Each structure stands twice: as structure tokens, then as C-alpha cells.
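Trainee: I have a structure here, written as C-alpha cells, and I will follow up with some questions on it.
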Amino acid sequence: RKQFLVHLKRLLHQGNNMSLNEAKRIAAYKAVDEWIKPHTKVVGIGSGSTVVFAVDRLAERVKTEGLQVVCIPTSFQARQLIVENNLTLGDLDRFPHIDCAIDGADEVDSDKVLIKGGGGCLLQEKIVASCAEKFVIIADYTKNSQKLGEQYKKGIPIEVVPLGYVPIKAKIEKVFGGEAKLRMAVSKAGPCVTDNGNFILDWHFDSSKTFDWNKINSELLQIAGVVETGLFVGMATKAYFGMSDGSVKEQN
Ligand code: 5RP
């Protein structure tokens, strides 16, 4: 009965977004159940709306199964989620090896190349993912594509040092084409500032072209002042997509 009421509350809260949120939830629950095992000790916690469901499920399992996991956050939001759910908060100083990191994505292509950073957390997300033995992606069906740019229309997020954003923007546009737009804060009063005090350029590329994302990622990282890109190439172990029919699609 208690479980039913919790579920009902969740559904009412979700309102119009119910099916998308339900798609996120089923992907998150499945990933947590398949990858977090009794021997799992250190878990990376990604950022965004889908990860909220993963933390819900993890907290539930910690309570019911007595799992003993330390959680490493990828953002201020993730840190808050860990604390609010009474999970054990850790950091990379003490836990540099992560068994499994679970995170959302803005888009996942057929090779499991990801666009991340829609929420501005790409730098810490990439650091945490790079320390994880397994990196598991959870998403709703709108993130699943054949080719990057097919679904996510806001460009590839690139975190840059503030003082260099104008020349970096010019270089990106000259070398790679398209437009690198400075991301503004929601209030529009100024630029969006990341958890690390940097700016974000969203690079809008010509999605009709075919790109070698590994090469693009390396070349972007060579521009002085580029801190990290939201291109995650060859990092994801597996992706779970909650589908509109209530099933979960798995991509290995
Ligand atoms: C934040 C991210 C998120 O993982 C990505 O934006 C997906 O978020 P959501 O689960 O809300 O769709 O990369 O920087």
C-alpha cells in the first residue's frame, strides 16, 4: 500500500511529462538493478533528471538489501541527491577507482558515442566516467539515435576558460564550421557558469555531414582554453533506453 501511494504521488507530480518520466524511470531502475551488485563498493552518480530515478532506486536498495556503497558525485546536483537520499558521499581523492558510474546523456548514437553536458556538468561527468570500470547510460527514447545531431539540436557542449571564450569560439567556427554559441544562464542576465567556474560554448554542427568524433574530440581538446568537451567517445559500456511502450531497449 505504501509503495502504491509513493508511485501514485510520483505519477501525479509528473503531470504532463508522465510518459517521458516513466521512460527515464524504467531505464534507471533496470540499470541500477543490473549493475549494482552486493559486491559493488563505489558508484559514480551522474547528473540530470534521469539520474534522479537511479538514485531513488539505489537508495531503496541500500535500505532493503543493506548494500554498502560509496557514491561519487559528478555535480553539485548529484552531491545534493546523494546527501538528500542518505547515501554515503565520497570523493575521488579517497575513491579514485569507481566500480560503476551511472549517468544520463543528451544523445547516444549507434556506436554509443554520447553528447553530454546539456546540464553543464560535462567536465566532472567525464572525469568520473574515466575513473569507472563500467560506465552505464540511462535515458528515455528521445535520446536514442543513429547519428549524432539527429535528436539533440542544441549542439555539442564545450567547457572553456572564460577569458578565452571569444578566440576559442572563433577558432572552433573556422576549423570545424558551424556556430559555437555562448550558453547563457536561464535568467539570460549573463553566461551560464559551470560548477568549475567556466563557460560553455554549444557547437552547432552540420548534422548532414559525417564526422569522426574521436578526431573532433582530440582536436577540440588541443585548442588552448578548452577544458573538456561533451563528446564521450568509446566510454560507455552499455546504454538503457526507456521506451514509450514501457519496454527498455538495451544497447551494448
Ligand atoms: C548534464 C548531462 C546530463 O546527463 C544530460 O543532460 C541528460 O540529462 P537528463 O537526464 O535530464 O535528460 O550531461 O551535464
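In the C-alpha cells, each chain is lettered A, B, ... as it comes, each chain's residues begin at 1, and ligands are numbered from 1 in order of appearance.
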Write out as a list in words the residues lying within 9 Å of Phe76 in chain A, counting only C-alpha atoms and excluding same-chain residues fewer than 3 positions away.

Mentor: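 Those residues are Ser47, Pro73, Arg79, Gln80, Leu81, Cys121 and Asp195 of chain A.
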
Trainee: Taking only range 20-235 of chain A into account, list the residues labelled alpha helix (DSSP H) by DSSP (computed from the backbone), as a PyMOL selection string.

Mentor: chain A and resi 20-35+49-65+76-84+122-130+165-176+213-221

Trainee: Which residue out of A:Thr142, A:Ser247, A:Asn217, A:Asn86 has the minimum interatomic distance to ligand 1 when only C-alpha atoms and all ligand atoms are used?

Mentor: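 Using only C-alpha atoms and all ligand atoms, the shortest distance to ligand 1 belongs to A:Thr142.
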
Trainee: List as an mmCIF file with N, CA and C atoms, in the first residue's frame the protein and nucleic acid residues lying within 8 Å of ligand 1, with only C-alpha atoms and all ligand atoms counted.

Mentor:
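As a result, selection.cif now contains:
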```
data_model
loop_
_atom_site.group_PDB
_atom_site.id
_atom_site.type_symbol
_atom_site.label_atom_id
_atom_site.label_comp_id
_atom_site.auth_asym_id
_atom_site.auth_seq_id
_atom_site.Cartn_x
_atom_site.Cartn_y
_atom_site.Cartn_z
ATOM 1 N N LYS A 24 12.241 7.362 -18.386
ATOM 2 C CA LYS A 24 13.507 7.579 -17.664
ATOM 3 C C LYS A 24 13.588 6.625 -16.474
ATOM 4 N N GLY A 46 25.788 10.301 -11.857
ATOM 5 C CA GLY A 46 25.733 11.318 -12.904
ATOM 6 C C GLY A 46 24.786 12.456 -12.552
ATOM 7 N N SER A 47 24.507 13.297 -13.539
ATOM 8 C CA SER A 47 23.673 14.482 -13.311
ATOM 9 C C SER A 47 22.500 14.501 -14.283
ATOM 10 N N GLY A 48 21.477 15.248 -13.904
ATOM 11 C CA GLY A 48 20.323 15.398 -14.790
ATOM 12 C C GLY A 48 19.075 14.767 -14.213
ATOM 13 N N SER A 49 18.001 14.805 -14.990
ATOM 14 C CA SER A 49 16.707 14.350 -14.481
ATOM 15 C C SER A 49 16.586 12.825 -14.444
ATOM 16 N N THR A 50 17.266 12.111 -15.310
ATOM 17 C CA THR A 50 17.138 10.646 -15.330
ATOM 18 C C THR A 50 17.859 10.021 -14.136
ATOM 19 N N VAL A 51 18.972 10.631 -13.781
ATOM 20 C CA VAL A 51 19.756 10.110 -12.653
ATOM 21 C C VAL A 51 18.977 10.174 -11.331
ATOM 22 N N ASP A 103 24.941 7.390 -15.545
ATOM 23 C CA ASP A 103 24.710 8.782 -15.930
ATOM 24 C C ASP A 103 23.707 8.857 -17.081
ATOM 25 N N GLY A 104 23.141 10.023 -17.264
ATOM 26 C CA GLY A 104 22.246 10.267 -18.390
ATOM 27 C C GLY A 104 23.042 10.729 -19.599
ATOM 28 N N ALA A 105 22.341 11.062 -20.672
ATOM 29 C CA ALA A 105 23.007 11.596 -21.865
ATOM 30 C C ALA A 105 22.004 12.436 -22.637
ATOM 31 N N ASP A 106 22.521 13.329 -23.440
ATOM 32 C CA ASP A 106 21.632 14.137 -24.288
ATOM 33 C C ASP A 106 21.352 13.424 -25.600
ATOM 34 N N ILE A 115 26.569 12.619 -26.635
ATOM 35 C CA ILE A 115 26.648 14.056 -26.356
ATOM 36 C C ILE A 115 26.182 14.200 -24.924
ATOM 37 N N LYS A 116 27.024 14.855 -24.108
ATOM 38 C CA LYS A 116 26.649 15.138 -22.728
ATOM 39 C C LYS A 116 26.969 16.599 -22.423
ATOM 40 N N GLY A 117 26.349 17.086 -21.357
ATOM 41 C CA GLY A 117 26.645 18.452 -20.953
ATOM 42 C C GLY A 117 25.492 19.411 -21.166
ATOM 43 N N GLY A 118 24.319 18.859 -21.546
ATOM 44 C CA GLY A 118 23.138 19.711 -21.672
ATOM 45 C C GLY A 118 22.855 20.436 -20.361
ATOM 46 N N GLY A 119 23.206 19.775 -19.256
ATOM 47 C CA GLY A 119 23.004 20.386 -17.942
ATOM 48 C C GLY A 119 24.265 21.091 -17.446
ATOM 49 N N GLY A 120 25.297 21.110 -18.268
ATOM 50 C CA GLY A 120 26.516 21.859 -17.938
ATOM 51 C C GLY A 120 27.512 21.129 -17.049
ATOM 52 N N CYS A 121 27.332 19.819 -16.869
ATOM 53 C CA CYS A 121 28.188 19.103 -15.899
ATOM 54 C C CYS A 121 29.229 18.210 -16.576
ATOM 55 N N LEU A 122 29.495 18.456 -17.842
ATOM 56 C CA LEU A 122 30.311 17.519 -18.623
ATOM 57 C C LEU A 122 31.707 17.256 -18.071
ATOM 58 N N GLU A 125 31.526 15.013 -15.073
ATOM 59 C CA GLU A 125 30.960 13.739 -15.555
ATOM 60 C C GLU A 125 32.024 12.937 -16.295
ATOM 61 N N ILE A 138 21.736 5.880 -18.963
ATOM 62 C CA ILE A 138 20.280 5.704 -18.822
ATOM 63 C C ILE A 138 19.592 6.897 -19.483
ATOM 64 N N ALA A 139 18.562 6.604 -20.247
ATOM 65 C CA ALA A 139 17.921 7.692 -20.989
ATOM 66 C C ALA A 139 16.520 7.284 -21.417
ATOM 67 N N ASP A 140 15.731 8.284 -21.792
ATOM 68 C CA ASP A 140 14.439 7.967 -22.418
ATOM 69 C C ASP A 140 14.657 7.814 -23.920
ATOM 70 N N LYS A 143 16.504 10.078 -26.729
ATOM 71 C CA LYS A 143 17.966 10.285 -26.784
ATOM 72 C C LYS A 143 18.668 9.287 -27.702
ATOM 73 N N GLY A 230 31.821 17.767 -24.498
ATOM 74 C CA GLY A 230 30.697 16.890 -24.158
ATOM 75 C C GLY A 230 30.600 15.691 -25.078
#
```

Trainee: Quote the spacing between CA of Glu34 in chain A and CA of Leu58 in chain A in Å to one decimal place.

Mentor: 11.4 Å

Trainee: Identify, on the basis of only C-alpha atoms, every residue whose closest approach to Phe176 in chain A does not exceed 10 Å; exclude the query and any residue fewer than 2 positions from it along the same chain; express the result as a VMD selection string.

Mentor: chain A and resid 171 to 174 178 to 180 203 to 206 216 219 to 220

Trainee: Can you write just those residues out, C-alpha atoms, as a CSV table (one decimal), in the first residue's frame?

Mentor:
```
chain,number,residue,atom,x,y,z
A,171,LYS,CA,38.8,29.0,-33.8
A,172,ILE,CA,36.1,26.4,-33.5
A,173,GLU,CA,33.9,28.0,-36.2
A,174,LYS,CA,36.9,28.5,-38.5
A,178,GLY,CA,29.0,25.8,-37.8
A,179,GLU,CA,28.5,28.1,-34.9
A,180,ALA,CA,29.8,27.9,-31.3
A,203,TRP,CA,28.9,24.0,-31.0
A,204,HIS,CA,26.1,23.7,-33.6
A,205,PHE,CA,27.5,21.5,-36.4
A,206,ASP,CA,26.1,20.5,-39.8
A,216,ILE,CA,37.0,16.0,-33.5
A,219,GLU,CA,41.3,18.4,-32.0
A,220,LEU,CA,38.9,20.4,-29.8
```

Trainee: A:Asn198, A:Ile98, A:Ala129, A:Gln146: which is nearest Thr237 in chain A, counting only C-alpha atoms?

Mentor: A:Ala129

Trainee: Could you give me the residues within range 22-243 of chain A that DSSP places in strand (DSSP E), as a PyMOL selection string?

Mentor: chain A and resi 42-45+70-73+88-89+98-103+107-108+114-115+132-140+156-160+179-182+199-204+226-229+231-232+238-242

Trainee: So the first atom is CA of Glu107 in chain A and the second is CA of Gly44 in chain A; what is the distance between them in Å, to one decimal place?

Mentor: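 Here the two named atoms are 19.6 Å from each other.
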
Trainee: Given the choices A:Ile45, A:Met184, A:Leu148, A:Val175, which gets closest to Asp109 in chain A if the distance is worked out from only C-alpha atoms?

Mentor: A:Leu148

Trainee: With only C-alpha atoms as the atoms that count, which of A:Val233, A:Leu182, A:Val108, A:Val52 lies nearest to Glu84 in chain A?

Mentor: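 For Glu84 in chain A, the nearest of the given residues is A:Val52.
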
Trainee: From the set A:Ile168, A:Ala54, A:Ala27, A:Val69, which residue has the shortest atom-to-atom contact distance to Val42 in chain A, counting only C-alpha atoms?

Mentor: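 Ranking A:Ile168, A:Ala54, A:Ala27, A:Val69 by distance to Val42 in chain A, first place goes to A:Val69.
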
Trainee: How far is it from CA of Asp111 in chain A to CA of Lys215 in chain A, in Å with one decimal?

Mentor: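 Interatomic distance here is 14.7 Å.
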